[in-house]
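Enquirer: Before I ask anything, here is the structure I am working with.
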Amino acid sequence: MLPEVASWLRRRSWAAADRPVETLLAAKRAAGAAGSVSVVLPALDEEPTVGEIVGAIRTELMERMPLVDELVVVDSGSVDRTAERAAAAGARVVHRDDILPRLPAEPGKGEVLWRSLLVTRGEIVCFIDADLREFDPAFVTGIIGPLLTDPGIQLVKAMYDRPLETAGAVVPAGGGRVTELVARPLLNLHWPQLAGFVQPLGGEYAARRTLLERLPFPTGYGVELGLLVDALDAVGLDALAQVDVGVRHHRHQDGQALGRMAATIYRTALERLDRTHRLKAGDGLLHPLLTQFSRDPETRGFTAHTHPVPAVERPPVRTLPEYPGR
């Protein structure tokens with residue numbers, strides 16, 4: 001990987017346990033208004049899981065430890081009891097179409113995240129997906145921690161193991177298929193400074209409002225890649241960070257849904273390459289290495305593995321002097 005990325009990995013990658021809750025509370029008090037935290041859950045038909053997540057955040061991080069100031073679930077049109085479960089567990093529930101009603105809503109997660117900025121007040125905004133199972137409040141404390149303790153940090157992504165759980169079987173590192181097959185190659189080849197992110201598409205991340213309010217939000221599945229790329233351009237790599245929060249258990253989508261997600265993410269990348277007049281890969285754009293990550297069983301940290309990406313092409317065989325008929 002780039003020397004800049006190797007240095008960033010050492011300096012800007014932490015574990016949630018590196019910042020105990022007591023440290024965060026002290027930093028929050030010292031920060032005053034700048035340390036206010038809003039947690040947002042975008043939700044669409046998440047009745048089975050949203051209540052448990054909201055309840056854990058409300059109990060552990062608002063009542064027991066006053067780290068979170070505001071907990072909002074933005075419902076994007078659920079037909080189940082998502083809104084009811086979220087409200088009963090202690091969240092303020094806002095319906096997507098009630099936010100900025102003069103502008104008809106687009107479908108997609110990014111639309112919900114963008115609109116949430118209009119109904120929240122915290123100077124630190126923390127996004128948490130509503131389909132997580134076995135939720136741990138460290139998902140929140142881990143990613144808001146660097147923002148509370150280091151004024152130079154602007155955006156923090158969670159990193160974690162993502163097992164694939166299907167048909168009664170568990171593949172320990174089998175989740176995140178779109179990340180490994182689409183997003184990671186795109187980032188490594190076109191934005192190699194972002195090659196150190198373990199979970200670039202993860203839905204758990206926190207950022208300063210002053211950054212989020214000046215970034216465009218892709219309305220669909222491309223929102224995570226788009227925000228990461230645009231944040232790099234806006235504030236530079238050293239203002240970005242990641243925190244290890246353990247294991248992420250969630251609902252997995254079928255192959256066709258993953259295909260739609262992959263296409264949206266690819267288009268989001270193309271839009272940014274075109275916008276910056278870098279659509280054609282040149283020497284300064286394309287970095288032909290791919291960095292991947294695995295959990296080290298001894299240190300329990302993530303280990304980077306970098307591989308070359310072959311790009312050699314042979315000419316048409318009929319152009320060879322040895323080809324029969326020449």
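Within each chain, counting starts at residue 1; across the structure tokens, chains are named A, B, ... in the order shown, with ligands numbered 1 upward in that order.
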If we count only C-alpha atoms, what is near Leu100 of chain A at a cut-off of 10 Å, once residues fewer than 6 positions away on the same chain are taken out, given as a ChimeraX atom specification?
Expert: /A:115,118-119
Enquirer: Output the selection as an mmCIF file, in the first residue's frame - N, CA and C atoms for each residue.
Expert:
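See selection.cif below for the written result:
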data_model
loop_
_atom_site.group_PDB
_atom_site.id
_atom_site.type_symbol
_atom_site.label_atom_id
_atom_site.label_comp_id
_atom_site.auth_asym_id
_atom_site.auth_seq_id
_atom_site.Cartn_x
_atom_site.Cartn_y
_atom_site.Cartn_z
ATOM 1 N N ARG A 115 -31.802 13.846 4.758
ATOM 2 C CA ARG A 115 -32.914 14.545 5.396
ATOM 3 C C ARG A 115 -32.778 14.566 6.917
ATOM 4 N N LEU A 118 -31.714 17.669 8.791
ATOM 5 C CA LEU A 118 -32.663 18.759 8.982
ATOM 6 C C LEU A 118 -33.472 18.618 10.266
ATOM 7 N N VAL A 119 -33.441 17.425 10.881
ATOM 8 C CA VAL A 119 -34.267 17.208 12.081
ATOM 9 C C VAL A 119 -33.434 16.787 13.282
#
Enquirer: What are the closest atom pairs, with distances in Å to one decimal, for each residue of segment 14-51 of chain A lying within 12 Å of segment 71-79 of chain A, using only C-alpha atoms, rows by chain and rising residue number, as a Markdown table?
Expert:
| residue | atom | partner | partner_atom | distance |
| --- | --- | --- | --- | --- |
| A:Ser36 | CA | A:Leu71 | CA | 11.6 |
| A:Val37 | CA | A:Leu71 | CA | 8.8 |
| A:Ser38 | CA | A:Leu71 | CA | 6.0 |
| A:Val39 | CA | A:Leu71 | CA | 4.9 |
| A:Val40 | CA | A:Val72 | CA | 5.0 |
| A:Leu41 | CA | A:Val73 | CA | 4.7 |
| A:Pro42 | CA | A:Val74 | CA | 5.0 |
| A:Ala43 | CA | A:Asp75 | CA | 4.9 |
| A:Leu44 | CA | A:Ser78 | CA | 4.9 |
| A:Asp45 | CA | A:Ser78 | CA | 4.7 |
| A:Glu46 | CA | A:Ser78 | CA | 7.9 |
| A:Glu47 | CA | A:Ser78 | CA | 8.8 |
| A:Val50 | CA | A:Val73 | CA | 8.8 |
| A:Gly51 | CA | A:Val73 | CA | 10.3 |
Enquirer: Contacts of Val223 of chain A at 8 Å or less, counting only C-alpha atoms, minus same-chain residues fewer than 6 places along, as a list in words?
Expert: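 So, after excluding close chain neighbours, the residues are Lys109, Gly110 and Phe217 of chain A.
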Enquirer: Would you write out, as JSON lines, a table of all residues in segment 36-95 of chain A that have an atom no more than 12 Å from an atom of segment 18-24 of chain A, listing for each the closest atom pair and the distance in Å to one decimal, considering only C-alpha atoms and ordering rows by chain and rising residue number?
Expert:
{"residue": "A:Ser36", "atom": "CA", "partner": "A:Leu24", "partner_atom": "CA", "distance": 11.8}
{"residue": "A:Val37", "atom": "CA", "partner": "A:Leu24", "partner_atom": "CA", "distance": 11.6}
{"residue": "A:Glu60", "atom": "CA", "partner": "A:Val21", "partner_atom": "CA", "distance": 10.5}
{"residue": "A:Leu61", "atom": "CA", "partner": "A:Val21", "partner_atom": "CA", "distance": 9.4}
{"residue": "A:Arg64", "atom": "CA", "partner": "A:Val21", "partner_atom": "CA", "distance": 10.9}
{"residue": "A:Met65", "atom": "CA", "partner": "A:Val21", "partner_atom": "CA", "distance": 7.9}
{"residue": "A:Pro66", "atom": "CA", "partner": "A:Val21", "partner_atom": "CA", "distance": 9.9}
{"residue": "A:Leu67", "atom": "CA", "partner": "A:Leu24", "partner_atom": "CA", "distance": 7.6}
{"residue": "A:Val68", "atom": "CA", "partner": "A:Leu24", "partner_atom": "CA", "distance": 10.9}
Enquirer: Could you save those same residues with N, CA, C and O atoms as a PDB file, in the first residue's frame?
Expert:
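Saved file selection-v4.pdb follows:
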ATOM      1  N   SER A  36     -22.010  17.800  21.476  1.00  0.00           N
ATOM      2  CA  SER A  36     -23.371  17.246  21.431  1.00  0.00           C
ATOM      3  C   SER A  36     -23.459  16.163  20.359  1.00  0.00           C
ATOM      4  O   SER A  36     -22.903  16.297  19.267  1.00  0.00           O
ATOM      5  N   VAL A  37     -24.171  15.079  20.675  1.00  0.00           N
ATOM      6  CA  VAL A  37     -24.204  13.890  19.816  1.00  0.00           C
ATOM      7  C   VAL A  37     -25.644  13.532  19.457  1.00  0.00           C
ATOM      8  O   VAL A  37     -26.494  13.369  20.347  1.00  0.00           O
ATOM      9  N   GLU A  60     -28.152   2.622  27.883  1.00  0.00           N
ATOM     10  CA  GLU A  60     -26.726   2.666  28.209  1.00  0.00           C
ATOM     11  C   GLU A  60     -26.080   4.015  27.953  1.00  0.00           C
ATOM     12  O   GLU A  60     -25.182   4.418  28.703  1.00  0.00           O
ATOM     13  N   LEU A  61     -26.523   4.736  26.935  1.00  0.00           N
ATOM     14  CA  LEU A  61     -25.789   5.926  26.509  1.00  0.00           C
ATOM     15  C   LEU A  61     -26.557   7.231  26.694  1.00  0.00           C
ATOM     16  O   LEU A  61     -26.032   8.303  26.383  1.00  0.00           O
ATOM     17  N   ARG A  64     -27.923   5.820  31.581  1.00  0.00           N
ATOM     18  CA  ARG A  64     -26.834   5.402  32.464  1.00  0.00           C
ATOM     19  C   ARG A  64     -25.593   6.275  32.281  1.00  0.00           C
ATOM     20  O   ARG A  64     -24.963   6.698  33.240  1.00  0.00           O
ATOM     21  N   MET A  65     -25.227   6.537  31.033  1.00  0.00           N
ATOM     22  CA  MET A  65     -24.073   7.379  30.712  1.00  0.00           C
ATOM     23  C   MET A  65     -24.543   8.433  29.720  1.00  0.00           C
ATOM     24  O   MET A  65     -24.857   8.096  28.574  1.00  0.00           O
ATOM     25  N   PRO A  66     -24.603   9.698  30.088  1.00  0.00           N
ATOM     26  CA  PRO A  66     -25.182  10.716  29.202  1.00  0.00           C
ATOM     27  C   PRO A  66     -24.237  11.148  28.081  1.00  0.00           C
ATOM     28  O   PRO A  66     -23.765  12.291  28.028  1.00  0.00           O
ATOM     29  N   LEU A  67     -23.990  10.218  27.156  1.00  0.00           N
ATOM     30  CA  LEU A  67     -23.126  10.514  26.021  1.00  0.00           C
ATOM     31  C   LEU A  67     -23.919  10.971  24.798  1.00  0.00           C
ATOM     32  O   LEU A  67     -23.432  11.773  24.002  1.00  0.00           O
ATOM     33  N   VAL A  68     -25.108  10.421  24.623  1.00  0.00           N
ATOM     34  CA  VAL A  68     -25.937  10.729  23.457  1.00  0.00           C
ATOM     35  C   VAL A  68     -27.023  11.709  23.876  1.00  0.00           C
ATOM     36  O   VAL A  68     -27.733  11.480  24.862  1.00  0.00           O
TER      37      VAL A  68
END
Enquirer: Pick out the residues sitting within 10 Å of Glu134 of chain A, and hand them over as a list in words; count only C-alpha atoms, and ignore anything fewer than 6 positions along from it in its own chain.
Expert: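 Those residues are Thr49, Glu52, Ile53, Val247, Arg248, His249 and His250 of chain A.
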Enquirer: Out of segment 53-276 of chain A, which residues get helix (DSSP H, G or I) from DSSP, as a ChimeraX atom specification?
Expert: /A:53-64,82-89,96-98,109-116,138-149,177-190,192-194,209-212,223-235,237-239,255-275
Enquirer: Which neighbours of Pro107 of chain A fall inside 9 Å, counting only C-alpha atoms, when residues of the same chain fewer than 5 positions from it are skipped, and could you give them as JSON, numbers by chain?
Expert: {"A": [76, 112, 219, 220]}
Enquirer: Any chance you can output those residues with N, CA, C and O atoms as a PDB file, in the first residue's frame?
Expert:
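The file below, again_14.pdb, is the result:
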ATOM      1  N   SER A  76     -38.529   5.444   6.546  1.00  0.00           N
ATOM      2  CA  SER A  76     -38.673   5.800   5.136  1.00  0.00           C
ATOM      3  C   SER A  76     -39.833   5.086   4.459  1.00  0.00           C
ATOM      4  O   SER A  76     -39.786   4.798   3.264  1.00  0.00           O
ATOM      5  N   VAL A 112     -32.558   9.338   3.167  1.00  0.00           N
ATOM      6  CA  VAL A 112     -32.956   9.389   4.574  1.00  0.00           C
ATOM      7  C   VAL A 112     -31.856  10.040   5.417  1.00  0.00           C
ATOM      8  O   VAL A 112     -32.129  10.879   6.279  1.00  0.00           O
ATOM      9  N   THR A 219     -28.421   9.401  -3.087  1.00  0.00           N
ATOM     10  CA  THR A 219     -29.661   9.026  -2.409  1.00  0.00           C
ATOM     11  C   THR A 219     -29.778   7.536  -2.135  1.00  0.00           C
ATOM     12  O   THR A 219     -30.563   7.131  -1.277  1.00  0.00           O
ATOM     13  N   GLY A 220     -29.033   6.707  -2.840  1.00  0.00           N
ATOM     14  CA  GLY A 220     -29.197   5.264  -2.698  1.00  0.00           C
ATOM     15  C   GLY A 220     -28.046   4.594  -1.978  1.00  0.00           C
ATOM     16  O   GLY A 220     -27.414   5.157  -1.076  1.00  0.00           O
TER      17      GLY A 220
END
